[in-house]
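Here is the structure we will look at, set down as structure tokens.
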Amino acid sequence: QARTGFTANETALLRLADGTLYAVMRVESEPWGVVGRFHHAWSTDDGRTWSAPEPLSLEDEPAHVVGCAWPRLAALENGALILTYGRPGKNLIYDLTGTGQHWQGRVDLHAWELDTQALLGVPPEARLRGIVGADWTKQFDRHTDSGDYLGVAAVGPRELRVVYDVHSYVEHWNADPVSAVRMVRITVEG
């Protein structure tokens, strides 16, 4: 912390196709003023030295603050990178260049779940609530319906599995609430 000016935790590490180590980390307190924002860094000498960490941002959604909790990385067979993270919500972004320098295409899995529940007739009061839009200056229960910690794994040349927890989740209009692990299949095109 003394050398860099910030404290990092919840780090994801991946070896890129060119052999470079790539790290994405949650930053707890730092001079840039956004607590929980993800930063990333690269090492070309197997982790002996690293580039200066820099804030991770989206090329197509620069106002979105990437991060808060639990970055998880996966690489597809073609080298494309996938990053999942939570709180607020459940998000997935990608970098088709496989360099960690061109993140884009945020998929909001929380919004997708809400849309799916609406489509399947779940009454509004029984749908996911989560902490999307919550006032971070006040106490709230982040475990209302999910801890918003995701896992991701490449399971085919262009296919991923994203997993996360749900509590009191109602699948469709006639379903009983369940606490479970949800698994989403995602196919990357392009």
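Following the order of the structure tokens, chains are lettered A, B, ..., residues in each are numbered from 1, and ligands are numbered from 1.
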
**Report entry** Spatial neighbours of stretch 185-187 of chain A, 9 Å, only C-alpha atoms, chain gap at least 2 places, as a ChimeraX atom specification
**Finding:** /A:158-162,183,189

Those residues with N, CA, C and O atoms, as an mmCIF file, in the first residue's frame please?
```cif
data_model
loop_
_atom_site.group_PDB
_atom_site.id
_atom_site.type_symbol
_atom_site.label_atom_id
_atom_site.label_comp_id
_atom_site.auth_asym_id
_atom_site.auth_seq_id
_atom_site.Cartn_x
_atom_site.Cartn_y
_atom_site.Cartn_z
ATOM 1 N N ARG A 158 -16.433 -21.362 -27.694
ATOM 2 C CA ARG A 158 -17.110 -20.075 -27.628
ATOM 3 C C ARG A 158 -18.208 -20.060 -26.564
ATOM 4 O O ARG A 158 -19.101 -19.245 -26.602
ATOM 5 N N GLU A 159 -18.122 -20.992 -25.633
ATOM 6 C CA GLU A 159 -19.196 -21.131 -24.659
ATOM 7 C C GLU A 159 -18.682 -21.006 -23.227
ATOM 8 O O GLU A 159 -17.616 -21.494 -22.892
ATOM 9 N N LEU A 160 -19.496 -20.333 -22.402
ATOM 10 C CA LEU A 160 -19.172 -20.095 -20.997
ATOM 11 C C LEU A 160 -20.283 -20.594 -20.115
ATOM 12 O O LEU A 160 -21.433 -20.690 -20.544
ATOM 13 N N ARG A 161 -19.941 -20.849 -18.860
ATOM 14 C CA ARG A 161 -20.936 -21.048 -17.817
ATOM 15 C C ARG A 161 -20.663 -19.985 -16.758
ATOM 16 O O ARG A 161 -19.528 -19.812 -16.317
ATOM 17 N N VAL A 162 -21.720 -19.275 -16.378
ATOM 18 C CA VAL A 162 -21.649 -18.303 -15.298
ATOM 19 C C VAL A 162 -22.546 -18.826 -14.189
ATOM 20 O O VAL A 162 -23.684 -19.229 -14.445
ATOM 21 N N MET A 183 -27.116 -21.374 -12.944
ATOM 22 C CA MET A 183 -26.088 -21.537 -13.968
ATOM 23 C C MET A 183 -26.634 -21.001 -15.271
ATOM 24 O O MET A 183 -27.727 -21.393 -15.700
ATOM 25 N N GLU A 189 -20.350 -14.662 -29.687
ATOM 26 C CA GLU A 189 -20.275 -14.589 -31.143
ATOM 27 C C GLU A 189 -19.417 -13.404 -31.519
ATOM 28 O O GLU A 189 -19.440 -12.373 -30.870
#
```

Requested in this report: Please identify all polymer residues within 10 Å of A:Asp18, counting only C-alpha atoms, omitting same-chain residues fewer than 6 positions from it, and present them as a list in words.
Outcome: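 The contact residues come out as Thr44, Gly79, Gly98 and Thr99 of chain A.
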
Query raised in the report: Mind checking DSSP for stretch 20-180 of chain A and telling me the strand (DSSP E) residues as a count of residues only?
Result: 60

Report task. Run DSSP on the backbone and give me the residues of stretch 29-175 of chain A it puts in helix (DSSP H, G or I), as a PyMOL selection string. Result -> chain A and resi 109-119+124-126

Give me a file of those residues, with N, CA and C atoms, as a compact mmCIF listing (two decimals), in the first residue's frame.
```
# COMPACT_ATOMS: atom_id res chain seq x y z
N LEU A 109 -26.71 -9.36 -15.98
CA LEU A 109 -27.45 -10.59 -15.70
C LEU A 109 -28.57 -10.38 -14.70
N HIS A 110 -28.44 -9.39 -13.83
CA HIS A 110 -29.52 -9.07 -12.90
C HIS A 110 -30.74 -8.57 -13.68
N ALA A 111 -30.52 -7.66 -14.62
CA ALA A 111 -31.62 -7.16 -15.46
C ALA A 111 -32.22 -8.30 -16.29
N TRP A 112 -31.36 -9.19 -16.79
CA TRP A 112 -31.84 -10.34 -17.57
C TRP A 112 -32.74 -11.23 -16.71
N GLU A 113 -32.33 -11.47 -15.46
CA GLU A 113 -33.15 -12.28 -14.55
C GLU A 113 -34.51 -11.61 -14.32
N LEU A 114 -34.50 -10.29 -14.08
CA LEU A 114 -35.77 -9.57 -13.87
C LEU A 114 -36.67 -9.66 -15.10
N ASP A 115 -36.10 -9.49 -16.28
CA ASP A 115 -36.87 -9.60 -17.52
C ASP A 115 -37.45 -11.00 -17.69
N THR A 116 -36.63 -12.01 -17.37
CA THR A 116 -37.08 -13.40 -17.49
C THR A 116 -38.21 -13.68 -16.49
N GLN A 117 -38.07 -13.20 -15.26
CA GLN A 117 -39.14 -13.39 -14.28
C GLN A 117 -40.43 -12.71 -14.74
N ALA A 118 -40.33 -11.51 -15.30
CA ALA A 118 -41.52 -10.82 -15.80
C ALA A 118 -42.16 -11.62 -16.93
N LEU A 119 -41.34 -12.10 -17.86
CA LEU A 119 -41.83 -12.89 -18.99
C LEU A 119 -42.54 -14.16 -18.52
N PRO A 124 -44.36 -8.71 -9.55
CA PRO A 124 -43.26 -7.78 -9.23
C PRO A 124 -42.73 -7.92 -7.80
N GLU A 125 -43.61 -8.13 -6.82
CA GLU A 125 -43.15 -8.21 -5.43
C GLU A 125 -42.35 -9.48 -5.14
N ALA A 126 -42.39 -10.48 -6.04
CA ALA A 126 -41.66 -11.73 -5.83
C ALA A 126 -40.38 -11.80 -6.67
```

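Remark: for A:Tyr22, the closest of the candidate residues A:Gln101, A:Thr84, A:Asn91, A:Ser146 is A:Gln101 (distances computed over only C-alpha atoms).
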
**Report entry** All residues 8 Å or closer to A:Ser51, only C-alpha atoms, same chain fewer than 4 positions away omitted, as a ChimeraX atom specification
**Finding:** /A:41-43

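Near A:Arg72, within a cut-off of 7 Å and counting only C-alpha atoms, sit the residues Ala12, Leu83, Thr84, Tyr85, Gly151 and Val152 of chain A, with same-chain residues fewer than 5 positions away left out.
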
Query - Shell around A:Ala8 at 8 Å using only C-alpha atoms, local window under 6 positions removed, as a PyMOL selection string - result: chain A and resi 25-28

Write the residues of the selection above to a file with N, CA and C atoms, as a PDB file, in the first residue's frame.
```
ATOM      1  N   MET A  25      -8.080  -6.486 -10.185  1.00  0.00           N
ATOM      2  CA  MET A  25      -8.205  -6.462  -8.735  1.00  0.00           C
ATOM      3  C   MET A  25      -9.221  -5.426  -8.275  1.00  0.00           C
ATOM      4  N   ARG A  26      -9.855  -5.755  -7.171  1.00  0.00           N
ATOM      5  CA  ARG A  26     -10.767  -4.830  -6.504  1.00  0.00           C
ATOM      6  C   ARG A  26      -9.922  -3.876  -5.663  1.00  0.00           C
ATOM      7  N   VAL A  27     -10.187  -2.592  -5.772  1.00  0.00           N
ATOM      8  CA  VAL A  27      -9.433  -1.600  -5.030  1.00  0.00           C
ATOM      9  C   VAL A  27     -10.319  -1.016  -3.948  1.00  0.00           C
ATOM     10  N   GLU A  28      -9.874  -1.132  -2.705  1.00  0.00           N
ATOM     11  CA  GLU A  28     -10.684  -0.712  -1.565  1.00  0.00           C
ATOM     12  C   GLU A  28     -10.611   0.769  -1.275  1.00  0.00           C
TER      13      GLU A  28
END
```

Mind checking which residues fall within 6 Å of stretch 167-180 of chain A, counting only C-alpha atoms, ignoring those fewer than 2 positions away in the same chain, and posting them as an mmCIF file with N, CA, C and O atoms, in the first residue's frame?
```cif
data_model
loop_
_atom_site.group_PDB
_atom_site.id
_atom_site.type_symbol
_atom_site.label_atom_id
_atom_site.label_comp_id
_atom_site.auth_asym_id
_atom_site.auth_seq_id
_atom_site.Cartn_x
_atom_site.Cartn_y
_atom_site.Cartn_z
ATOM 1 N N LEU A 120 -42.046 -14.762 -17.432
ATOM 2 C CA LEU A 120 -42.620 -16.007 -16.925
ATOM 3 C C LEU A 120 -43.707 -15.778 -15.880
ATOM 4 O O LEU A 120 -44.128 -16.703 -15.189
ATOM 5 N N GLY A 121 -44.164 -14.522 -15.748
ATOM 6 C CA GLY A 121 -45.330 -14.226 -14.923
ATOM 7 C C GLY A 121 -45.097 -14.102 -13.433
ATOM 8 O O GLY A 121 -46.059 -14.159 -12.653
ATOM 9 N N VAL A 122 -43.859 -13.923 -13.009
ATOM 10 C CA VAL A 122 -43.588 -13.740 -11.583
ATOM 11 C C VAL A 122 -44.077 -12.344 -11.183
ATOM 12 O O VAL A 122 -43.726 -11.354 -11.819
ATOM 13 N N ASP A 145 -31.304 -11.361 -2.067
ATOM 14 C CA ASP A 145 -31.550 -12.464 -2.993
ATOM 15 C C ASP A 145 -30.310 -13.009 -3.670
ATOM 16 O O ASP A 145 -30.391 -13.969 -4.403
ATOM 17 N N SER A 146 -29.143 -12.420 -3.425
ATOM 18 C CA SER A 146 -27.900 -12.968 -3.954
ATOM 19 C C SER A 146 -26.738 -12.238 -3.301
ATOM 20 O O SER A 146 -26.838 -11.049 -3.009
ATOM 21 N N ASP A 165 -25.292 -17.386 -6.746
ATOM 22 C CA ASP A 165 -26.292 -17.834 -5.785
ATOM 23 C C ASP A 165 -27.560 -16.994 -5.887
ATOM 24 O O ASP A 165 -27.516 -15.831 -6.282
#
```
